[in-house]
>>> print(open('input_39.cif').read())   # mmCIF, C-alpha atoms
data_coords
loop_
_atom_site.label_atom_id
_atom_site.label_comp_id
_atom_site.auth_asym_id
_atom_site.auth_seq_id
_atom_site.Cartn_x
_atom_site.Cartn_y
_atom_site.Cartn_z
CA MET P 1 126.53 95.19 103.64
CA PRO P 2 126.19 95.47 99.85
CA ASP P 3 124.58 98.57 98.34
CA SER P 4 122.18 96.28 96.48
CA ALA P 5 120.22 95.80 99.70
CA LEU P 6 119.04 99.42 99.39
CA SER P 7 118.71 99.51 95.62
CA GLY P 8 114.98 98.83 95.83
CA LEU P 9 114.28 102.07 97.71
CA LYS P 10 114.18 104.46 94.77
CA THR P 11 110.69 105.94 95.10
CA LYS P 12 108.27 107.01 97.80
CA ALA P 13 106.17 103.95 97.00
CA ASP P 14 109.22 101.73 97.54
CA LEU P 15 109.86 103.23 100.96
CA SER P 16 106.17 102.96 101.92
CA ALA P 17 106.23 99.27 101.00
CA ALA P 18 109.43 98.74 103.00
CA LEU P 19 107.88 100.37 106.09
CA GLU P 20 104.83 98.16 105.78
CA ARG P 21 107.12 95.11 105.66
CA LEU P 22 108.80 96.32 108.86
CA GLU P 23 105.44 96.22 110.61
CA ARG P 24 104.43 92.84 109.22
CA ALA P 25 107.76 91.00 109.44
CA ALA P 26 110.01 92.90 111.83
CA GLU P 27 112.36 89.95 112.37
CA ASP P 28 112.37 88.43 108.90
CA GLU P 29 115.82 87.79 107.41
CA ASN P 30 115.13 90.18 104.54
CA THR P 31 114.17 92.86 107.06
CA PHE P 32 117.45 92.36 108.94
CA THR P 33 119.40 92.64 105.69
CA LEU P 34 117.63 95.86 104.69
CA LEU P 35 117.90 97.52 108.11
CA SER P 36 121.55 96.51 108.54
CA ALA P 37 122.45 97.97 105.14
CA ALA P 38 120.60 101.19 105.96
CA TYR P 39 122.21 101.44 109.40
CA GLN P 40 125.71 101.17 107.93
CA GLN P 41 125.08 103.72 105.18
CA PRO P 42 123.73 106.82 106.97
CA ARG P 43 123.19 109.85 104.76
CA ALA P 44 120.74 112.18 106.51
CA HIS P 45 121.10 114.47 109.47
CA VAL P 46 118.29 113.52 111.87
CA VAL P 47 116.38 116.34 113.55
CA GLY P 48 113.85 115.89 116.35
CA MET P 49 111.21 118.52 117.06
CA THR P 50 109.37 118.46 120.36
CA GLY P 51 107.33 120.73 122.56
CA PRO P 52 103.86 120.95 124.12
CA PRO P 53 100.79 120.25 121.97
CA GLY P 54 99.55 123.37 120.19
CA VAL P 55 102.93 125.08 120.12
CA GLY P 56 102.98 125.03 116.32
CA LYS P 57 105.36 122.16 115.60
CA SER P 58 103.60 121.04 112.43
CA THR P 59 103.48 124.55 110.99
CA LEU P 60 107.14 124.99 111.77
CA MET P 61 107.94 121.62 110.20
CA SER P 62 106.21 122.69 107.00
CA ALA P 63 108.23 125.89 106.86
CA LEU P 64 111.50 124.07 107.56
CA ILE P 65 110.74 121.48 104.89
CA GLY P 66 110.10 124.33 102.45
CA ALA P 67 113.46 125.90 103.29
CA TRP P 68 115.33 122.63 102.79
CA ARG P 69 113.51 121.85 99.55
CA GLY P 70 114.31 125.35 98.34
CA ALA P 71 117.97 124.52 98.91
CA GLY P 72 117.61 121.32 96.87
CA LYS P 73 117.66 118.95 99.86
CA THR P 74 115.42 115.91 100.22
CA VAL P 75 113.44 115.43 103.43
CA ALA P 76 111.71 112.52 105.16
CA CYS P 77 109.34 113.21 108.05
CA ILE P 78 107.96 111.08 110.84
CA ALA P 79 104.96 112.67 112.57
CA VAL P 80 104.07 110.76 115.73
CA ASP P 81 100.40 111.27 116.52
CA PRO P 82 98.12 110.56 119.49
CA SER P 83 96.37 107.22 119.10
CA SER P 84 92.75 106.28 118.59
CA ARG P 85 91.57 104.20 121.56
CA ARG P 86 89.27 102.29 119.22
CA THR P 87 91.68 101.38 116.40
CA GLY P 88 95.12 102.14 117.84
CA GLY P 89 95.88 104.17 114.72
CA ALA P 90 97.09 107.76 114.42
CA LEU P 91 94.33 110.30 115.08
CA LEU P 92 95.54 113.28 113.08
CA GLY P 93 97.34 111.86 110.08
CA ASP P 94 100.26 113.40 108.23
CA ARG P 95 98.71 115.23 105.27
CA THR P 96 96.23 117.13 107.45
CA ARG P 97 99.03 118.67 109.46
CA LEU P 98 101.83 119.44 107.01
CA ALA P 99 101.39 121.96 104.21
CA ILE P 100 103.46 120.20 101.57
CA ASP P 101 103.01 119.28 97.94
CA PRO P 102 101.99 115.60 97.84
CA THR P 103 103.48 115.30 94.34
CA ASP P 104 106.94 116.42 95.48
CA THR P 105 109.16 113.36 95.12
CA GLY P 106 111.77 114.95 97.38
CA VAL P 107 109.54 114.81 100.48
CA PHE P 108 108.30 111.70 102.24
CA VAL P 109 105.93 111.89 105.21
CA ARG P 110 104.89 109.05 107.49
CA SER P 111 102.40 109.38 110.35
CA MET P 112 102.71 106.93 113.24
CA ALA P 113 100.56 106.23 116.28
CA ALA P 114 102.23 106.56 119.68
CA ARG P 115 99.75 104.10 121.24
CA ASP P 116 100.71 103.53 124.89
CA ARG P 117 104.33 104.68 124.70
CA LEU P 118 105.11 107.57 127.07
CA GLY P 119 108.25 108.68 125.30
CA GLY P 120 106.42 110.64 122.65
CA LEU P 121 107.52 108.17 119.94
CA ALA P 122 106.10 105.10 118.24
CA ALA P 123 107.61 101.61 118.35
CA LEU P 124 108.38 101.73 114.63
CA THR P 125 110.11 105.11 114.81
CA VAL P 126 113.69 103.85 115.14
CA PRO P 127 113.73 101.32 112.28
CA ALA P 128 111.77 103.75 110.08
CA MET P 129 114.27 106.50 110.87
CA ILE P 130 117.17 104.18 109.99
CA LEU P 131 115.67 103.48 106.56
CA MET P 132 114.91 107.13 105.90
CA ARG P 133 118.35 108.19 107.09
CA ALA P 134 119.91 106.11 104.34
CA CYS P 135 117.70 107.60 101.60
CA TYR P 136 117.28 111.33 102.31
CA ASP P 137 119.33 114.42 103.19
CA TYR P 138 117.30 115.24 106.31
CA VAL P 139 115.01 113.21 108.54
CA LEU P 140 112.63 115.27 110.66
CA ILE P 141 110.80 113.65 113.58
CA GLU P 142 107.93 115.33 115.44
CA THR P 143 106.79 113.90 118.77
CA VAL P 144 103.30 113.78 120.27
CA GLY P 145 104.21 116.32 122.91
CA VAL P 146 106.69 116.82 125.71
CA GLY P 147 106.75 116.27 129.45
CA GLN P 148 109.11 114.90 132.05
CA SER P 149 108.87 111.38 130.65
CA GLU P 150 108.52 112.32 126.99
CA VAL P 151 112.13 112.88 126.02
CA ASP P 152 112.92 109.79 123.96
CA VAL P 153 113.38 111.94 120.86
CA ALA P 154 116.77 112.96 122.25
CA ASN P 155 117.85 109.31 122.11
CA ILE P 156 117.26 108.77 118.39
CA THR P 157 118.17 112.09 116.75
CA ASP P 158 121.29 114.12 116.05
CA THR P 159 119.79 117.54 116.74
CA VAL P 160 116.83 118.24 119.05
CA ILE P 161 114.69 121.35 118.66
CA PHE P 162 112.43 122.36 121.55
CA CYS P 163 109.53 124.68 120.77
CA VAL P 164 108.21 127.27 123.23
CA GLN P 165 105.01 129.25 122.70
CA PRO P 166 104.89 132.83 124.07
CA GLY P 167 102.44 133.53 126.86
CA SER P 168 101.56 129.88 127.45
CA GLY P 169 103.75 129.02 130.43
CA ASP P 170 105.96 126.82 128.23
CA SER P 171 109.08 128.69 129.29
CA LEU P 172 108.30 127.99 132.95
CA GLN P 173 107.74 124.31 132.15
CA PHE P 174 111.06 124.34 130.30
CA MET P 175 112.88 125.58 133.39
CA LYS P 176 111.12 123.40 135.97
CA SER P 177 110.90 120.00 134.29
CA GLY P 178 114.52 119.36 133.35
CA ILE P 179 113.76 119.78 129.64
CA VAL P 180 116.51 122.38 129.64
CA GLU P 181 118.98 119.49 129.33
CA ILE P 182 117.46 118.07 126.14
CA PRO P 183 117.57 120.50 123.21
CA HIS P 184 120.41 121.65 121.00
CA ILE P 185 118.25 124.49 119.65
CA VAL P 186 115.29 126.28 121.25
CA VAL P 187 112.77 128.18 119.15
CA VAL P 188 110.15 130.59 120.42
CA THR P 189 107.25 130.08 118.01
CA LYS P 190 104.70 132.73 117.03
CA SER P 191 107.32 135.41 117.62
CA ASP P 192 104.95 137.98 116.07
CA MET P 193 103.37 138.04 119.56
CA LYS P 194 105.74 140.91 120.35
CA GLU P 195 105.98 141.42 124.14
CA ALA P 196 105.09 137.84 125.06
CA ALA P 197 107.70 136.53 122.62
CA THR P 198 110.37 138.84 124.00
CA ARG P 199 109.57 137.70 127.54
CA ALA P 200 109.71 134.02 126.55
CA LEU P 201 113.05 134.55 124.81
CA SER P 202 114.42 136.18 127.94
CA ASP P 203 113.10 133.46 130.27
CA VAL P 204 114.49 130.57 128.22
CA SER P 205 117.83 132.30 127.62
CA GLY P 206 118.12 132.80 131.37
CA ALA P 207 117.40 129.13 132.06
CA LEU P 208 119.97 128.03 129.50
CA HIS P 209 122.54 130.38 130.95
CA MET P 210 122.39 128.38 134.19
CA SER P 211 122.82 125.05 132.40
CA VAL P 212 126.08 123.40 131.39
CA ALA P 213 127.01 123.49 127.71
CA ARG P 214 127.28 120.02 126.18
CA ASP P 215 130.30 119.12 124.09
CA GLY P 216 131.17 122.77 123.62
CA TRP P 217 127.85 123.56 121.93
CA THR P 218 126.01 126.67 123.10
CA VAL P 219 122.26 126.28 122.66
CA PRO P 220 120.81 129.14 120.58
CA VAL P 221 117.35 130.56 121.34
CA LEU P 222 115.70 131.70 118.13
CA PRO P 223 112.49 133.68 117.53
CA VAL P 224 110.45 132.13 114.71
CA SER P 225 107.12 132.89 113.08
CA ALA P 226 106.38 130.07 110.67
CA GLU P 227 103.12 131.73 109.61
CA HIS P 228 105.00 134.86 108.51
CA GLY P 229 108.11 133.00 107.35
CA THR P 230 110.48 134.82 109.70
CA GLY P 231 113.39 133.12 111.46
CA ILE P 232 113.22 129.95 109.33
CA ALA P 233 116.53 130.64 107.57
CA SER P 234 118.22 131.22 110.93
CA LEU P 235 116.81 127.94 112.25
CA ALA P 236 118.02 126.01 109.19
CA ALA P 237 121.45 127.61 109.59
CA ALA P 238 121.60 126.65 113.29
CA ILE P 239 120.73 123.03 112.45
CA ASN P 240 123.51 122.98 109.87
CA GLU P 241 125.97 124.51 112.34
CA HIS P 242 125.17 121.81 114.88
CA ALA P 243 125.60 119.11 112.24
CA VAL P 244 128.99 120.54 111.29
CA SER P 245 129.96 120.69 114.96
CA LEU P 246 129.09 117.02 115.49
CA ALA P 247 131.00 115.94 112.39
CA PHE P 248 134.02 118.10 113.19
CA ASP P 249 134.71 116.71 116.65
CA GLY P 250 133.80 113.12 115.78
CA ASN P 251 130.93 112.96 118.23
CA LEU P 252 128.28 111.96 115.71
CA ALA P 253 129.43 108.35 115.25
CA ALA P 254 129.83 107.89 119.01
CA ILE P 255 126.38 109.37 119.70
CA ARG P 256 124.70 107.13 117.14
CA HIS P 257 126.50 104.06 118.50
CA ALA P 258 125.33 104.87 122.03
CA GLN P 259 121.79 105.37 120.75
CA ALA P 260 121.86 101.94 119.05
CA GLU P 261 122.99 100.30 122.30
CA GLN P 262 120.25 102.10 124.21
CA TYR P 263 117.65 101.01 121.64
CA LEU P 264 118.82 97.42 122.06
CA ALA P 265 118.54 97.60 125.84
CA GLU P 266 115.16 99.37 125.82
CA THR P 267 113.68 96.86 123.38
CA ILE P 268 114.80 93.93 125.53
CA ARG P 269 113.42 95.63 128.65
CA GLU P 270 110.06 96.24 126.96
CA ARG P 271 109.84 92.59 125.88
CA PHE P 272 111.14 90.85 129.01
CA GLY P 273 111.10 93.44 131.79
CA ARG P 274 113.88 94.37 134.15
CA GLU P 275 114.50 90.74 135.09
CA GLY P 276 115.07 89.79 131.46
CA LEU P 277 117.40 92.72 130.99
CA ARG P 278 119.35 91.70 134.10
CA ARG P 279 119.90 88.19 132.72
CA VAL P 280 121.66 89.39 129.58
CA ASP P 281 125.41 89.25 130.11
CA ASN P 282 126.41 91.83 127.49
CA LEU P 283 124.24 94.25 125.57
CA GLY P 284 127.12 96.11 123.98
CA LEU P 285 127.48 96.41 120.22
CA ALA P 286 130.66 96.37 118.18
CA PRO P 287 131.45 99.64 116.37
CA PHE P 288 129.01 100.14 113.44
CA GLU P 289 127.14 96.93 114.35
CA PRO P 290 123.38 97.29 113.70
CA PRO P 291 121.19 96.39 116.71
CA PHE P 292 118.34 94.61 114.90
CA ARG P 293 119.65 91.06 114.47
CA ARG P 294 121.14 91.23 117.95
CA ILE P 295 117.71 92.07 119.37
CA ALA P 296 116.26 88.95 117.75
CA GLU P 297 119.09 86.74 119.01
CA VAL P 298 118.90 88.01 122.59
CA SER P 299 115.10 87.76 122.54
CA ALA P 300 115.19 84.15 121.34
CA ASP P 301 117.68 83.23 124.03
CA LEU P 302 115.68 84.89 126.79
CA ALA P 303 112.45 83.32 125.61
CA LYS P 304 114.02 79.89 126.08
CA ARG P 305 115.60 80.68 129.44
CA LEU P 306 112.55 82.38 130.93
CA GLY P 307 110.14 79.79 129.54
#
>>> encode(input="input_39.cif", output="structure tokens")
Amino acid sequence: MPDSALSGLKTKADLSAALERLERAAEDENTFTLLSAAYQQPRAHVVGMTGPPGVGKSTLMSALIGAWRGAGKTVACIAVDPSSRRTGGALLGDRTRLAIDPTDTGVFVRSMAARDRLGGLAALTVPAMILMRACYDYVLIETVGVGQSEVDVANITDTVIFCVQPGSGDSLQFMKSGIVEIPHIVVVTKSDMKEAATRALSDVSGALHMSVARDGWTVPVLPVSAEHGTGIASLAAAINEHAVSLAFDGNLAAIRHAQAEQYLAETIRERFGREGLRRVDNLGLAPFEPPFRRIAEVSADLAKRLG
């Protein structure tokens, strides 16, 4: 796909306008062209941050953004909020949660409403992430919260960070719910809570010790206090180490391809149910093939067949 397809995304206003077009005309030919170009020209490392509500994800995001900006890196953020039952829109909104300079051209923040999706993500998250991934050095995605069904963030990101709050029972939830299998990095937030933080670090480290390392990567457990600015550099370094690990062994391209195929299948299932999904002969994608046009083609075919 020619670079010219992305040439119009030079400013934050350009990207905002492109995201609005995604919502209005998701299956327009121009949308397919833009998303396909972005998919085939990934630039950013995509980081997902999840954990129970109130654990301090937004504060930690602000600190991490500050660290990356201090290193000269550009950052795009997707903050997925709970939804208003009246309007369907995001309840909290991005600027109220992230302490960033709104005039900084190197940071772009988009708040999205989860609506009725249980996976902790919004329907627009994947195409928005694809666009941002082509334009920035890092994409950071924060979910609504986490639970046994709210693990979709692991299916659209390169590195997953799980946040645990000392003294809240989060570490027990981590061990009991199977969340132990999701993250690449675990952070214990509010680590200035001395004894409680030490206990949470020990509990999570013990749970991880019983799990199987994935692809040779050992999950670090890091104490962080975003309010006091401690542990942020170590977290940024761990994210970079994981990115290097993925690039070194060639897993990154394979992981992203599998995620695109899963996004294709999940979208078809949401639109046509299990029966529609069963009627599709092949939902595989060719290497580096974007899923967006394929979704439209399969959907059109199923709409005709299912009447």
>>> resolve_selection(input="input_39.cif", expression="the PyMOL selection byres ((chain P and resi 259) around 10)", output="PyMOL selection string")
chain P and resi 126+154-158+253-258+260-265+291
>>> atom_distance(input="input_39.cif", atom1="atom CA of P:Asp104", atom2="atom CA of P:Val187")
27.1 Å
>>> resolve_selection(input="input_39.cif", expression="the PyMOL selection byres ((chain P and resi 232-236) around 9)", output="list in words")
Leu60, Ala63, Leu64, Ala67, Trp68, Ile185, Val187, Leu222, Pro223, Val224, Ser225, Ala226, Gly229, Thr230, Gly231, Ala237, Ala238, Ile239, Asn240 and Glu241 of chain P
>>> resolve_selection(input="input_39.cif", expression="the PyMOL selection byres ((chain P and resi 165) around 12)", output="short mmCIF file (atom, residue, chain, number, x, y, z; two decimals) with C-alpha atoms, in the coordinates of the input")
data_model
loop_
_atom_site.label_atom_id
_atom_site.label_comp_id
_atom_site.auth_asym_id
_atom_site.auth_seq_id
_atom_site.Cartn_x
_atom_site.Cartn_y
_atom_site.Cartn_z
CA THR P 50 109.37 118.46 120.36
CA GLY P 51 107.33 120.73 122.56
CA PRO P 52 103.86 120.95 124.12
CA PRO P 53 100.79 120.25 121.97
CA GLY P 54 99.55 123.37 120.19
CA VAL P 55 102.93 125.08 120.12
CA GLY P 56 102.98 125.03 116.32
CA LYS P 57 105.36 122.16 115.60
CA LEU P 60 107.14 124.99 111.77
CA PHE P 162 112.43 122.36 121.55
CA CYS P 163 109.53 124.68 120.77
CA VAL P 164 108.21 127.27 123.23
CA PRO P 166 104.89 132.83 124.07
CA GLY P 167 102.44 133.53 126.86
CA SER P 168 101.56 129.88 127.45
CA GLY P 169 103.75 129.02 130.43
CA ASP P 170 105.96 126.82 128.23
CA SER P 171 109.08 128.69 129.29
CA LEU P 172 108.30 127.99 132.95
CA GLN P 173 107.74 124.31 132.15
CA PHE P 174 111.06 124.34 130.30
CA VAL P 186 115.29 126.28 121.25
CA VAL P 187 112.77 128.18 119.15
CA VAL P 188 110.15 130.59 120.42
CA THR P 189 107.25 130.08 118.01
CA LYS P 190 104.70 132.73 117.03
CA SER P 191 107.32 135.41 117.62
CA ASP P 192 104.95 137.98 116.07
CA MET P 193 103.37 138.04 119.56
CA LYS P 194 105.74 140.91 120.35
CA ALA P 196 105.09 137.84 125.06
CA ALA P 197 107.70 136.53 122.62
CA THR P 198 110.37 138.84 124.00
CA ARG P 199 109.57 137.70 127.54
CA ALA P 200 109.71 134.02 126.55
CA LEU P 201 113.05 134.55 124.81
CA ASP P 203 113.10 133.46 130.27
CA VAL P 204 114.49 130.57 128.22
CA LEU P 222 115.70 131.70 118.13
CA PRO P 223 112.49 133.68 117.53
CA VAL P 224 110.45 132.13 114.71
CA SER P 225 107.12 132.89 113.08
#
>>> atom_distance(input="input_39.cif", atom1="atom CA of P:Leu131", atom2="atom CA of P:Thr105")
16.5 Å
>>> closest_residue(input="input_39.cif", among="P:Ala296, P:Val80, P:Leu15, P:Val109", to="P:Met49", atoms="only C-alpha atoms")
P:Val80
>>> closest_residue(input="input_39.cif", among="P:Arg21, P:Arg271, P:His228, P:Lys73", to="P:Leu35", atoms="all atoms listed in the file")
P:Arg21
>>> closest_residue(input="input_39.cif", among="P:Val244, P:Val219, P:Pro127, P:Ile182", to="P:Phe292", atoms="only C-alpha atoms")
P:Pro127
>>> residues_around(input="input_39.cif", residues="P:Met61", least_positions_apart="4", cutoff="8 Å", atoms="only C-alpha atoms", output="JSON, numbers by chain")
{"P": [57, 65, 98, 140]}
>>> residues_around(input="input_39.cif", residues="P:Ile78", least_positions_apart="3", cutoff="8 Å", atoms="only C-alpha atoms", output="PDB file with C-alpha atoms, in the coordinates of the input")
ATOM      1  CA  VAL P 109     105.930 111.890 105.210  1.00  0.00           C
ATOM      2  CA  ARG P 110     104.890 109.050 107.490  1.00  0.00           C
ATOM      3  CA  SER P 111     102.400 109.380 110.350  1.00  0.00           C
ATOM      4  CA  MET P 112     102.710 106.930 113.240  1.00  0.00           C
ATOM      5  CA  THR P 125     110.110 105.110 114.810  1.00  0.00           C
ATOM      6  CA  MET P 129     114.270 106.500 110.870  1.00  0.00           C
ATOM      7  CA  VAL P 139     115.010 113.210 108.540  1.00  0.00           C
ATOM      8  CA  LEU P 140     112.630 115.270 110.660  1.00  0.00           C
ATOM      9  CA  ILE P 141     110.800 113.650 113.580  1.00  0.00           C
ATOM     10  CA  GLU P 142     107.930 115.330 115.440  1.00  0.00           C
TER      11      GLU P 142
END
>>> closest_residue(input="input_39.cif", among="P:Arg43, P:Arg279, P:His184, P:Arg69", to="P:Asp137", atoms="all atoms listed in the file")
P:Arg43
>>> atom_distance(input="input_39.cif", atom1="atom CA of P:Arg293", atom2="atom CA of P:Gln41")
16.6 Å
>>> residues_around(input="input_39.cif", residues="P:Ser299", least_positions_apart="4", cutoff="8 Å", atoms="only C-alpha atoms", output="list in words")
Ile268, Arg271, Ile295 and Ala303 of chain P
>>> residues_around(input="input_39.cif", residues="stretch 273-276 of chain P", least_positions_apart="2", cutoff="12 Å", atoms="all atoms listed in the file", output="PyMOL selection string")
chain P and resi 265-271+278-281+283+298-307
>>> decode(input="input_39.cif", residues="stretch 256-273 of chain P", atoms="C-alpha atoms", output="JSON list (two decimals), in the first residue's frame")
[["chain", "number", "residue", "atom", "x", "y", "z"],
["P", 256, "ARG", "CA", 0.19, -9.76, 15.26],
["P", 257, "HIS", "CA", -0.92, -12.04, 12.41],
["P", 258, "ALA", "CA", -2.70, -14.34, 14.85],
["P", 259, "GLN", "CA", -4.36, -11.33, 16.48],
["P", 260, "ALA", "CA", -5.62, -10.12, 13.08],
["P", 261, "GLU", "CA", -7.13, -13.54, 12.36],
["P", 262, "GLN", "CA", -8.77, -13.58, 15.78],
["P", 263, "TYR", "CA", -10.17, -10.08, 15.23],
["P", 264, "LEU", "CA", -11.63, -11.24, 11.92],
["P", 265, "ALA", "CA", -13.27, -14.28, 13.52],
["P", 266, "GLU", "CA", -14.58, -12.34, 16.55],
["P", 267, "THR", "CA", -16.08, -9.62, 14.36],
["P", 268, "ILE", "CA", -17.91, -12.19, 12.23],
["P", 269, "ARG", "CA", -19.16, -13.98, 15.34],
["P", 270, "GLU", "CA", -20.45, -10.72, 16.83],
["P", 271, "ARG", "CA", -22.30, -9.88, 13.61],
["P", 272, "PHE", "CA", -23.70, -13.31, 12.69],
["P", 273, "GLY", "CA", -23.35, -15.49, 15.77]]
